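Structure data (mmCIF, C-alpha atoms and all ligand atoms) from target_27.cif:
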```cif
data_entry
loop_
_atom_site.label_atom_id
_atom_site.label_comp_id
_atom_site.auth_asym_id
_atom_site.auth_seq_id
_atom_site.Cartn_x
_atom_site.Cartn_y
_atom_site.Cartn_z
CA MET A 1 0.00 0.00 0.00
CA SER A 2 2.93 2.37 0.32
CA PRO A 3 2.84 3.69 -3.26
CA LEU A 4 -0.78 4.56 -2.69
CA ARG A 5 0.14 6.45 0.47
CA GLN A 6 2.84 8.35 -1.37
CA TRP A 7 0.47 9.45 -4.05
CA GLN A 8 -2.05 10.47 -1.46
CA GLY A 9 0.63 12.35 0.43
CA ALA A 10 1.42 14.40 -2.63
CA VAL A 11 -2.24 15.21 -3.08
CA VAL A 12 -2.63 16.26 0.55
CA LEU A 13 0.42 18.50 0.27
CA ALA A 14 -1.01 20.11 -2.82
CA SER A 15 -4.25 20.81 -1.00
CA LEU A 16 -2.47 22.22 2.04
CA ALA A 17 -0.64 24.67 -0.16
CA LEU A 18 -4.00 26.12 -1.11
CA THR A 19 -4.87 26.94 2.47
CA LEU A 20 -1.65 28.67 3.40
CA THR A 21 -2.93 32.20 3.21
CA ALA A 22 -0.70 34.80 4.73
CA CYS A 23 0.23 38.36 4.10
CA PHE A 24 3.51 37.45 2.47
CA GLY A 25 1.99 37.70 -0.98
CA GLU A 26 0.44 41.03 -0.16
CA SER A 27 3.56 42.45 1.37
CA THR A 28 5.81 41.58 -1.53
CA ALA A 29 3.25 43.08 -3.88
CA ARG A 30 3.17 46.24 -1.80
CA SER A 31 6.88 46.57 -1.21
CA ASN A 32 7.23 47.05 -4.96
CA ASP A 33 5.50 50.39 -4.87
CA THR A 34 8.13 52.05 -2.70
CA ARG A 35 6.56 54.36 -0.18
CA ASP A 36 9.38 56.84 0.34
CA GLY A 37 11.65 53.85 0.77
CA GLN A 38 9.94 53.02 4.07
CA ASP A 39 9.88 49.41 5.18
CA ALA A 40 6.76 47.95 6.73
CA GLU A 41 6.99 48.28 10.51
CA PRO A 42 8.24 45.26 12.42
CA ASP A 43 5.11 45.54 14.52
CA GLY A 44 3.93 42.43 16.34
CA GLY A 45 6.15 40.34 14.12
CA VAL A 46 3.94 40.99 11.11
CA SER A 47 5.64 42.55 8.17
CA CYS A 48 2.91 43.68 5.88
CA ALA A 49 1.55 47.15 5.55
CA ALA A 50 -2.00 47.67 6.81
CA ALA A 51 -4.65 48.72 4.31
CA GLY A 52 -6.51 50.97 6.78
CA LYS A 53 -7.57 51.13 10.42
CA ASN A 54 -9.46 47.81 10.42
CA ASP A 55 -6.50 46.09 8.83
CA GLU A 56 -4.17 47.60 11.44
CA ILE A 57 -6.33 46.06 14.17
CA ARG A 58 -6.42 42.74 12.32
CA LEU A 59 -2.64 42.60 11.98
CA ALA A 60 -2.14 43.69 15.59
CA LEU A 61 -4.50 40.99 16.93
CA ALA A 62 -3.19 38.33 14.56
CA PRO A 63 -0.29 37.05 16.68
CA ALA A 64 -2.80 36.17 19.42
CA CYS A 65 -5.57 34.81 17.22
CA GLU A 66 -4.51 33.56 13.81
CA GLY A 67 -3.12 30.30 15.16
CA CYS A 68 -6.70 29.04 15.35
CA HIS A 69 -8.62 31.39 13.09
CA LEU A 70 -6.86 31.19 9.73
CA THR A 71 -8.97 28.28 8.52
CA GLY A 72 -11.82 26.22 9.93
CA ASN A 73 -15.33 27.51 10.51
CA LYS A 74 -14.22 30.88 11.94
CA PRO A 75 -11.41 31.97 9.61
CA PHE A 76 -11.57 35.61 10.79
CA PHE A 77 -7.87 36.12 10.19
CA ALA A 78 -7.59 34.63 6.71
CA SER A 79 -7.84 38.04 5.04
CA LEU A 80 -9.06 41.57 5.63
CA ALA A 81 -12.34 40.66 3.91
CA ALA A 82 -12.78 37.66 6.22
CA PHE A 83 -11.98 39.82 9.26
CA GLU A 84 -14.45 42.52 8.26
CA SER A 85 -17.32 40.33 7.13
CA GLY A 86 -16.91 37.66 9.80
CA LEU A 87 -15.98 39.68 12.87
CA VAL A 88 -15.87 43.47 12.56
CA TYR A 89 -19.22 43.98 10.85
CA ASN A 90 -20.92 41.04 12.49
CA GLU A 91 -23.31 42.53 15.04
CA LYS A 92 -22.93 39.45 17.21
CA TYR A 93 -19.30 40.29 17.92
CA VAL A 94 -18.88 44.01 17.41
CA LYS A 95 -21.51 46.65 18.18
CA ARG A 96 -20.36 49.74 16.34
CA GLY A 97 -19.77 52.61 18.80
CA ASP A 98 -20.52 50.41 21.82
CA PRO A 99 -17.41 48.52 22.97
CA GLY A 100 -18.99 47.62 26.33
CA ASN A 101 -21.64 45.50 24.62
CA SER A 102 -19.31 44.00 22.03
CA MET A 103 -18.57 40.31 22.51
CA LEU A 104 -15.11 40.81 21.02
CA VAL A 105 -14.12 43.00 23.98
CA GLN A 106 -15.75 40.59 26.43
CA LEU A 107 -13.79 37.74 24.87
CA LEU A 108 -10.54 39.62 25.29
CA GLU A 109 -11.49 40.35 28.90
CA GLY A 110 -12.44 36.72 29.54
CA ALA A 111 -16.03 37.69 30.35
CA ALA A 112 -18.06 36.61 27.32
CA PRO A 113 -21.25 34.56 27.72
CA GLY A 114 -21.29 31.07 26.25
CA SER A 115 -18.97 28.11 26.32
CA TYR A 116 -15.89 30.09 25.29
CA PRO A 117 -15.69 33.06 27.65
CA GLN A 118 -12.15 33.99 26.68
CA MET A 119 -10.05 34.42 23.54
CA PRO A 120 -7.47 33.14 23.18
CA PRO A 121 -8.76 30.22 25.28
CA GLY A 122 -6.73 29.52 28.36
CA GLN A 123 -4.68 32.68 28.43
CA PRO A 124 -5.93 36.17 29.31
CA TYR A 125 -5.31 38.60 26.49
CA SER A 126 -3.91 41.12 28.97
CA GLU A 127 -1.11 38.68 29.81
CA LEU A 128 -0.15 38.57 26.14
CA VAL A 129 0.03 42.35 26.18
CA ALA A 130 2.08 42.33 29.38
CA SER A 131 4.51 39.81 27.94
CA GLY A 132 4.88 41.82 24.74
CA ARG A 133 3.53 39.13 22.40
CA VAL A 134 0.97 41.64 21.22
CA THR A 135 1.16 45.40 21.49
CA LEU A 136 -2.48 46.29 20.95
CA THR A 137 -4.23 46.87 24.30
CA ILE A 138 -7.88 46.20 25.11
CA GLU A 139 -8.35 49.97 25.56
CA GLN A 140 -7.15 50.50 21.99
CA VAL A 141 -9.63 47.89 20.75
CA GLU A 142 -12.39 49.70 22.64
CA ALA A 143 -11.38 53.06 21.16
CA TRP A 144 -11.39 51.54 17.67
CA ILE A 145 -14.91 50.12 18.16
CA ARG A 146 -16.13 53.48 19.50
CA ASP A 147 -15.02 55.19 16.27
CA LEU A 148 -15.58 52.28 13.93
CA PRO A 149 -16.51 53.53 10.45
CA ALA A 150 -19.62 52.20 8.72
CA PRO A 151 -19.11 48.99 6.75
CA PRO A 152 -17.69 49.56 3.28
CA GLY A 153 -20.35 49.25 0.60
CA GLN A 154 -18.72 46.40 -1.24
CA LEU A 155 -18.63 44.15 1.84
CA GLU A 156 -21.41 41.94 0.53
CA THR A 157 -20.12 41.74 -3.02
CA PRO A 158 -18.25 38.53 -3.56
CA SER A 159 -14.67 39.09 -4.61
CA PRO A 160 -13.39 36.90 -7.41
CA GLU A 161 -10.08 36.56 -5.55
CA GLU A 162 -11.65 35.10 -2.43
CA PHE A 163 -11.20 31.40 -1.92
CA THR A 164 -14.67 29.93 -2.07
CA VAL A 165 -14.11 26.22 -1.79
CA ARG A 166 -15.69 24.22 1.02
CA ARG A 167 -15.54 20.57 2.02
CA LEU A 168 -18.42 18.28 1.16
CA SER A 169 -20.74 17.70 4.10
CA ALA A 170 -21.11 14.17 5.46
CA GLU A 171 -24.57 13.94 3.86
CA GLU A 172 -23.17 14.91 0.48
CA MET A 173 -20.36 12.40 0.83
CA VAL A 174 -22.69 9.52 1.63
CA VAL A 175 -25.26 10.36 -1.03
CA SER A 176 -22.84 11.17 -3.83
CA LEU A 177 -20.63 8.18 -3.13
CA MET A 178 -23.58 5.79 -3.23
CA ASP A 179 -24.64 7.38 -6.48
CA GLN A 180 -21.19 7.38 -8.10
CA LEU A 181 -20.49 3.79 -7.12
CA ARG A 182 -24.04 2.70 -7.98
CA LEU A 183 -24.63 1.33 -4.53
CA THR A 184 -28.01 1.38 -2.82
CA LEU A 185 -29.30 0.73 0.68
CA GLU A 186 -29.81 -2.90 -0.31
CA ASP A 187 -26.04 -3.24 -0.57
CA PHE A 188 -25.65 -2.44 3.12
CA VAL A 189 -28.70 -3.61 5.05
CA SER A 190 -30.62 -6.85 5.27
CA THR A 191 -33.64 -7.08 2.99
CA SER A 192 -34.86 -10.47 4.14
CA ASP A 193 -37.90 -8.94 5.85
CA PRO A 194 -40.27 -7.84 3.01
CA ASN A 195 -41.17 -4.78 5.08
CA TRP A 196 -37.52 -3.84 5.77
CA ARG A 197 -37.78 -0.27 4.53
CA ASN A 198 -40.27 0.60 7.25
CA LYS A 199 -38.36 -1.01 10.08
CA ALA A 200 -35.15 -0.60 11.93
CA TYR A 201 -32.32 -1.25 9.50
CA VAL A 202 -30.47 -4.47 10.17
CA VAL A 203 -26.95 -3.61 9.05
CA ASN A 204 -25.00 -6.32 7.28
CA GLY A 205 -21.62 -6.97 8.81
CA GLY A 206 -18.41 -5.81 7.17
CA LYS A 207 -20.06 -3.36 4.77
CA LEU A 208 -19.06 -0.18 6.58
CA PHE A 209 -22.52 1.34 6.46
CA VAL A 210 -22.67 5.07 7.25
CA TRP A 211 -25.97 6.62 8.35
CA PRO A 212 -27.12 9.86 10.02
CA GLY A 213 -28.34 9.36 13.59
CA ASP A 214 -31.33 11.64 13.14
CA ARG A 215 -32.64 10.18 9.89
CA ALA A 216 -35.68 7.89 9.70
CA PRO A 217 -35.78 5.00 10.08
CA GLY A 218 -33.17 5.40 12.72
CA ILE A 219 -34.47 8.26 14.83
CA SER A 220 -32.19 6.91 17.51
CA ASN A 221 -29.45 4.37 17.72
CA GLU A 222 -32.07 1.73 18.47
CA TYR A 223 -33.36 1.79 14.94
CA VAL A 224 -30.12 1.06 13.18
CA SER A 225 -28.81 -2.24 14.44
CA ASP A 226 -25.16 -1.19 14.27
CA SER A 227 -24.42 2.02 16.19
CA ARG A 228 -21.09 2.32 14.42
CA SER A 229 -22.97 3.40 11.28
CA ILE A 230 -23.94 6.56 13.14
CA GLU A 231 -20.58 7.04 14.82
CA ARG A 232 -18.95 6.94 11.40
CA PHE A 233 -21.35 9.53 10.05
CA GLU A 234 -20.45 11.85 12.92
CA ALA A 235 -16.73 11.17 12.49
CA LEU A 236 -17.17 12.22 8.85
CA GLY A 237 -18.32 15.59 10.20
CA GLY A 238 -22.06 14.97 10.12
CA GLY A 239 -24.37 16.60 12.65
CA ASN A 240 -27.10 15.11 14.80
CA SER A 241 -30.01 17.40 15.54
CA LEU A 242 -31.32 15.07 18.27
CA LEU A 243 -28.09 15.44 20.21
CA TYR A 244 -27.64 19.15 19.40
CA ARG A 245 -24.50 18.18 17.59
CA LYS A 246 -23.44 20.67 14.94
CA ARG A 247 -22.02 19.57 11.64
CA ASP A 248 -18.26 20.02 11.52
CA VAL A 249 -17.34 22.25 8.59
CA GLY A 250 -13.63 21.58 8.95
CA PHE A 251 -11.92 18.47 7.66
CA GLY A 252 -9.91 16.94 10.49
CA PRO A 253 -8.08 13.66 11.03
CA SER A 254 -11.16 11.70 12.12
CA ALA A 255 -13.07 12.71 8.99
CA ALA A 256 -10.07 11.81 6.85
CA GLN A 257 -9.63 8.46 8.55
CA THR A 258 -13.31 7.60 8.18
CA LEU A 259 -13.27 8.59 4.53
CA VAL A 260 -10.25 6.36 3.92
CA GLN A 261 -12.02 3.32 5.41
CA MET A 262 -15.28 4.15 3.71
CA SER A 263 -13.66 4.67 0.30
CA GLN A 264 -11.87 1.33 0.46
CA ALA A 265 -14.88 -0.64 1.70
CA TRP A 266 -17.37 0.97 -0.67
CA CYS A 267 -15.10 0.74 -3.72
CA ALA A 268 -14.62 -2.97 -2.96
CA ARG A 269 -18.40 -3.33 -2.73
CA ALA A 270 -18.81 -1.59 -6.09
CA VAL A 271 -16.16 -3.72 -7.81
CA ASP A 272 -17.64 -6.94 -6.40
CA LYS A 273 -21.23 -6.06 -7.25
CA LYS A 274 -22.41 -8.06 -10.27
CA ASN A 275 -22.94 -6.09 -13.49
CA ASN A 276 -22.00 -2.82 -11.87
CA PRO A 277 -20.32 -0.58 -14.47
CA ALA A 278 -19.49 2.18 -11.97
CA VAL A 279 -15.84 1.21 -11.54
CA LEU A 280 -15.38 -1.45 -14.22
CA ARG A 281 -16.82 0.27 -17.28
CA HIS A 282 -14.30 -0.55 -20.00
CA VAL A 283 -12.50 -3.49 -18.38
CA THR A 284 -13.18 -6.76 -16.64
CA LEU A 285 -11.01 -8.18 -13.90
CA ALA A 286 -9.45 -10.43 -16.57
CA ASP A 287 -7.93 -7.43 -18.39
CA THR A 288 -4.43 -6.50 -17.29
CA SER A 289 -1.97 -3.83 -18.34
CA THR A 290 -0.10 -6.37 -20.44
CA ARG A 291 -3.08 -8.16 -21.94
CA ASN A 292 -5.26 -5.17 -22.66
CA PRO A 293 -3.38 -1.91 -21.97
CA ASP A 294 -5.78 0.27 -23.96
CA ALA A 295 -8.80 -0.87 -21.98
CA VAL A 296 -6.99 -0.25 -18.69
CA GLN A 297 -6.03 3.29 -19.75
CA LYS A 298 -9.51 4.00 -21.05
CA ASN A 299 -11.10 2.81 -17.82
CA LEU A 300 -8.66 4.83 -15.73
CA GLY A 301 -9.61 8.01 -17.59
CA ALA A 302 -13.32 7.24 -17.43
CA LEU A 303 -13.20 6.54 -13.70
CA TYR A 304 -11.31 9.76 -13.04
CA LEU A 305 -13.91 11.69 -15.00
CA ARG A 306 -16.78 9.95 -13.22
CA MET A 307 -15.40 10.58 -9.73
CA LEU A 308 -13.92 14.06 -10.17
CA GLY A 309 -15.98 15.61 -12.94
CA GLN A 310 -13.04 16.47 -15.19
CA PRO A 311 -10.56 14.47 -17.26
CA PRO A 312 -7.13 13.90 -15.69
CA SER A 313 -4.10 15.87 -16.80
CA GLU A 314 -1.44 13.73 -18.46
CA ALA A 315 0.74 13.91 -15.34
CA GLU A 316 -2.09 12.86 -13.05
CA ALA A 317 -3.16 10.00 -15.28
CA LYS A 318 0.43 8.81 -15.33
CA ALA A 319 0.87 9.10 -11.56
CA LEU A 320 -2.39 7.27 -10.91
CA TYR A 321 -1.41 4.51 -13.31
CA GLU A 322 2.21 4.09 -12.22
CA GLN A 323 1.92 4.76 -8.51
CA VAL A 324 -1.47 3.32 -7.67
CA TYR A 325 -2.72 0.97 -10.37
CA LEU A 326 0.45 -0.91 -11.41
CA PRO A 327 1.86 -1.77 -7.97
CA LEU A 328 -1.53 -3.12 -6.87
CA GLU A 329 -2.11 -4.95 -10.15
CA ALA A 330 0.96 -7.00 -9.30
CA GLN A 331 -1.23 -8.54 -6.59
CA ASN A 332 -4.47 -8.67 -8.56
CA THR A 333 -6.68 -6.50 -10.76
CA ARG A 334 -9.51 -6.39 -8.24
CA LEU A 335 -7.24 -4.74 -5.68
CA ALA A 336 -5.85 -2.40 -8.34
CA TRP A 337 -9.28 -1.02 -9.25
CA ILE A 338 -10.33 -0.74 -5.62
CA GLY A 339 -7.13 1.19 -4.95
CA VAL A 340 -7.63 3.56 -7.89
CA CYS A 341 -11.26 4.14 -6.95
CA ALA A 342 -10.40 4.81 -3.29
CA ALA A 343 -7.52 7.12 -4.19
CA LEU A 344 -9.85 9.27 -6.30
CA ILE A 345 -12.28 9.63 -3.40
CA ARG A 346 -9.51 11.07 -1.27
CA HIS A 347 -8.57 13.55 -3.98
CA PRO A 348 -9.01 17.24 -3.01
CA LEU A 349 -11.32 17.64 -6.00
CA TRP A 350 -13.61 14.96 -4.61
CA ILE A 351 -13.61 16.20 -1.03
CA THR A 352 -14.26 19.83 -1.89
CA TYR A 353 -17.00 21.69 -3.67
C1 LIG B 401 -6.06 28.13 20.73
C2 LIG B 401 -7.01 28.40 19.70
C3 LIG B 401 -7.65 29.77 19.63
C4 LIG B 401 -7.06 31.00 19.67
C5 LIG B 401 -5.57 31.32 19.80
C6 LIG B 401 -8.12 31.95 19.52
N1 LIG B 401 -9.32 31.32 19.37
FE1 LIG B 401 -11.11 32.18 19.06
N2 LIG B 401 -12.03 30.37 19.08
C7 LIG B 401 -11.37 29.17 19.28
C8 LIG B 401 -12.36 28.13 19.41
C9 LIG B 401 -12.06 26.65 19.63
C10 LIG B 401 -13.62 28.74 19.29
C11 LIG B 401 -14.98 28.09 19.40
C12 LIG B 401 -15.23 27.09 18.36
C13 LIG B 401 -15.70 27.67 17.10
O1 LIG B 401 -16.79 28.26 17.11
O2 LIG B 401 -15.00 27.55 16.09
C14 LIG B 401 -13.37 30.14 19.06
C15 LIG B 401 -14.37 31.07 18.87
C16 LIG B 401 -14.15 32.42 18.67
C17 LIG B 401 -15.18 33.39 18.45
C18 LIG B 401 -16.67 33.10 18.38
C19 LIG B 401 -17.24 33.09 19.76
C20 LIG B 401 -18.72 32.81 19.79
O3 LIG B 401 -19.21 32.47 20.86
O4 LIG B 401 -19.39 32.90 18.74
C21 LIG B 401 -14.57 34.59 18.30
C22 LIG B 401 -15.23 35.94 18.05
C23 LIG B 401 -13.14 34.38 18.46
N3 LIG B 401 -12.93 33.04 18.66
C24 LIG B 401 -12.19 35.38 18.40
C25 LIG B 401 -10.85 35.19 18.72
C26 LIG B 401 -9.90 36.25 18.83
C27 LIG B 401 -10.22 37.73 18.62
C28 LIG B 401 -8.71 35.69 19.17
C29 LIG B 401 -7.42 36.38 19.49
C30 LIG B 401 -7.45 37.39 20.55
C31 LIG B 401 -8.93 34.26 19.25
N4 LIG B 401 -10.24 33.99 18.97
C32 LIG B 401 -7.94 33.33 19.52
C33 LIG B 401 -10.03 28.97 19.36
C34 LIG B 401 -9.08 29.98 19.45
#
```
Take the structure in the file and write it out as structure tokens.
Amino acid sequence: MSPLRQWQGAVVLASLALTLTACFGESTARSNDTRDGQDAEPDGGVSCAAAGKNDEIRLALAPACEGCHLTGNKPFFASLAAFESGLVYNEKYVKRGDPGNSMLVQLLEGAAPGSYPQMPPGQPYSELVASGRVTLTIEQVEAWIRDLPAPPGQLETPSPEEFTVRRLSAEEMVVSLMDQLRLTLEDFVSTSDPNWRNKAYVVNGGKLFVWPGDRAPGISNEYVSDSRSIERFEALGGGNSLLYRKRDVGFGPSAAQTLVQMSQAWCARAVDKKNNPAVLRHVTLADTSTRNPDAVQKNLGALYLRMLGQPPSEAEAKALYEQVYLPLEAQNTRLAWIGVCAALIRHPLWITY
């Protein structure tokens, strides 16, 4: 399996590169238009020039906040636009002209209502000021909120430069994967009772069924015979309204791990299912790269297109063939196609929308 891991590793690296937003790009762009030869101030360790008062505050808070708020579901510090639309002009956090009633100030003071009374969690902001990690004081934040200008008009207009990709939700993953692999509920649950659709699902063993805990039938764990089906759905980032559990909009290790298991198990199910052209469209398991190379290539391209919605580049087709398909084909063709199928499901293009 190690070639498969390598290929995956490269893909994960490529996707990480997309999320590394910082002001480095901005600052190099700006340092070209020399402002009287002045360098950006070495203020708070951030070396990019601020684009106005709000940006100054953003850059001054950043050393204390961006560690957790560059990505995820509250990426306030990803850009000035994210800071303004998510935090500054969000009435929940900042009441213009009224610092005392602004949750942002309460968070810095460690006195906010809710489950997170303090930002950053675990360390009073004033200590960070005292230790010199940040230079912006709470009083300066209050003064800024008191004189905060009205939101800029274009705040709501989407900017073509903004990064607008999101991960697929757990629901979308389950539904689209069943569809793409031509699997149905019957492939996962027992149908021996003629009335099975209206009863608790009896999950077949070893099929890695994934099912939302608040969906019917299955309005509680009791109604799906295998509680792991629901645990997996939640690990994938799915919510559960009955347990007040919010959907996770990030994509963490548990979601990745669950998707890996699910992709392997479900691709195997699709390959083994009789007369299922989802994975084996132009080949049979008797075709190999030596016996029928054209069919293998054609199927590889078709599967890529089916799973990712675009044809592969030459380099990607080659990498998929040489690093995933061929090493596994040495064991057998069934494993090779399961491996290719599973690798495509872990591709950034599959996971994101
Ligand atoms: C160590 C990680 C960490 C750091 C550093 C951090 N936060 Fe947070 N922040 C969180 C977590 C976790 C939550 C709550 C979970 C969520 O909603 O994403 C949160 C939530 C918030 C919220 C929403 C609160 C609510 O109840 O809606 C705001 C606003 C916020 N942070 C601002 C800040 C600011 C400003 C800083 C810097 C002074 C900061 N955070 C630093 C982890 C962090």
Within 6 Å of ligand LIG 401 (chain B), counting all atoms listed in the file: which residues, as a PyMOL selection string?
-> chain A and resi 61+64-65+67-68+73-74+93+104+114+119-121
Which protein, DNA or RNA residues are at most 7 Å from (-21.5, 2.3, 4.7) in the file's coordinates when you count all atoms listed in the file, listed as a VMD selection string?
-> chain A and resid 188 207 to 210 229 262 266
Atom-to-atom span, atom CA of A:Gln310 and atom CA of A:Pro348, Å |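 Those two atoms sit 12.9 Å apart.
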Counting only C-alpha atoms, figure out which residue out of A:Ala286, A:Gln257, A:Leu344, A:Glu231 gets nearest to A:Leu300.
-> A:Leu344
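Picture a line from atom CA of A:Gly237 to atom CA of A:Arg215; it runs 15.3 Å.
You will find atom CA of A:Arg281 at 7.8 Å from atom CA of A:Ala302.
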If we count all atoms listed in the file and set the cut-off at 8 Å, which residues sit around A:Arg182, ignoring sequence neighbours fewer than 5 positions away in its own chain? Please answer as a PDB file with C-alpha atoms, in the coordinates of the input.
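Generated file (out.pdb):
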```
ATOM      1  CA  ALA A 270     -18.810  -1.590  -6.090  1.00  0.00           C
ATOM      2  CA  ASN A 276     -22.000  -2.820 -11.870  1.00  0.00           C
ATOM      3  CA  ALA A 278     -19.490   2.180 -11.970  1.00  0.00           C
TER       4      ALA A 278
END
```
Proximity to A:Gln261 - best of A:Gly239, A:Gly206, A:Gly86, A:Pro311, only C-alpha atoms |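 Of all the options, A:Gly206 lies closest to A:Gln261.
Proximity ranking of A:Asn90, A:Gln140, A:Thr333, A:Ser126 relative to A:Lys53 places A:Gln140 first, based on all atoms listed in the file.
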Point out the residue among A:Ser169, A:Tyr116, A:Val202, A:Val105 with the least atom-to-atom distance to A:Leu185, counting all atoms listed in the file.
-> A:Val202
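Nearest to A:Val174 of all the residues A:Ser131, A:Ser115, A:Gln123, A:Ser263 is A:Ser263, counting all atoms listed in the file.
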Counting only C-alpha atoms, which residues come within 10 Å of (-16.0, 0.1, -2.3), with the point read in the file's coordinates, and could you list them as a list in words?
->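 So the residues meeting the distance criterion are Leu177, Met178, Leu181, Leu183, Lys207, Leu208, Gln261, Met262, Ser263, Gln264, Ala265, Trp266, Cys267, Ala268, Arg269, Ala270, Val271, Asp272, Lys273, Val279, Trp337, Ile338, Gly339, Cys341 and Ala342 of chain A.
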Output for the residues just chosen: C-alpha atoms as a short mmCIF file (atom, residue, chain, number, x, y, z; two decimals), in the coordinates of the input:
```cif
data_model
loop_
_atom_site.label_atom_id
_atom_site.label_comp_id
_atom_site.auth_asym_id
_atom_site.auth_seq_id
_atom_site.Cartn_x
_atom_site.Cartn_y
_atom_site.Cartn_z
CA LEU A 177 -20.63 8.18 -3.13
CA MET A 178 -23.58 5.79 -3.23
CA LEU A 181 -20.49 3.79 -7.12
CA LEU A 183 -24.63 1.33 -4.53
CA LYS A 207 -20.06 -3.36 4.77
CA LEU A 208 -19.06 -0.18 6.58
CA GLN A 261 -12.02 3.32 5.41
CA MET A 262 -15.28 4.15 3.71
CA SER A 263 -13.66 4.67 0.30
CA GLN A 264 -11.87 1.33 0.46
CA ALA A 265 -14.88 -0.64 1.70
CA TRP A 266 -17.37 0.97 -0.67
CA CYS A 267 -15.10 0.74 -3.72
CA ALA A 268 -14.62 -2.97 -2.96
CA ARG A 269 -18.40 -3.33 -2.73
CA ALA A 270 -18.81 -1.59 -6.09
CA VAL A 271 -16.16 -3.72 -7.81
CA ASP A 272 -17.64 -6.94 -6.40
CA LYS A 273 -21.23 -6.06 -7.25
CA VAL A 279 -15.84 1.21 -11.54
CA TRP A 337 -9.28 -1.02 -9.25
CA ILE A 338 -10.33 -0.74 -5.62
CA GLY A 339 -7.13 1.19 -4.95
CA CYS A 341 -11.26 4.14 -6.95
CA ALA A 342 -10.40 4.81 -3.29
#
```
Would you mind telling me which residue in A:Ala336, A:Gln323, A:Met103, A:Gly205 lies nearest to A:Thr284 when using only C-alpha atoms?
->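 Answer, going by the shortest atom-to-atom distance: A:Ala336.
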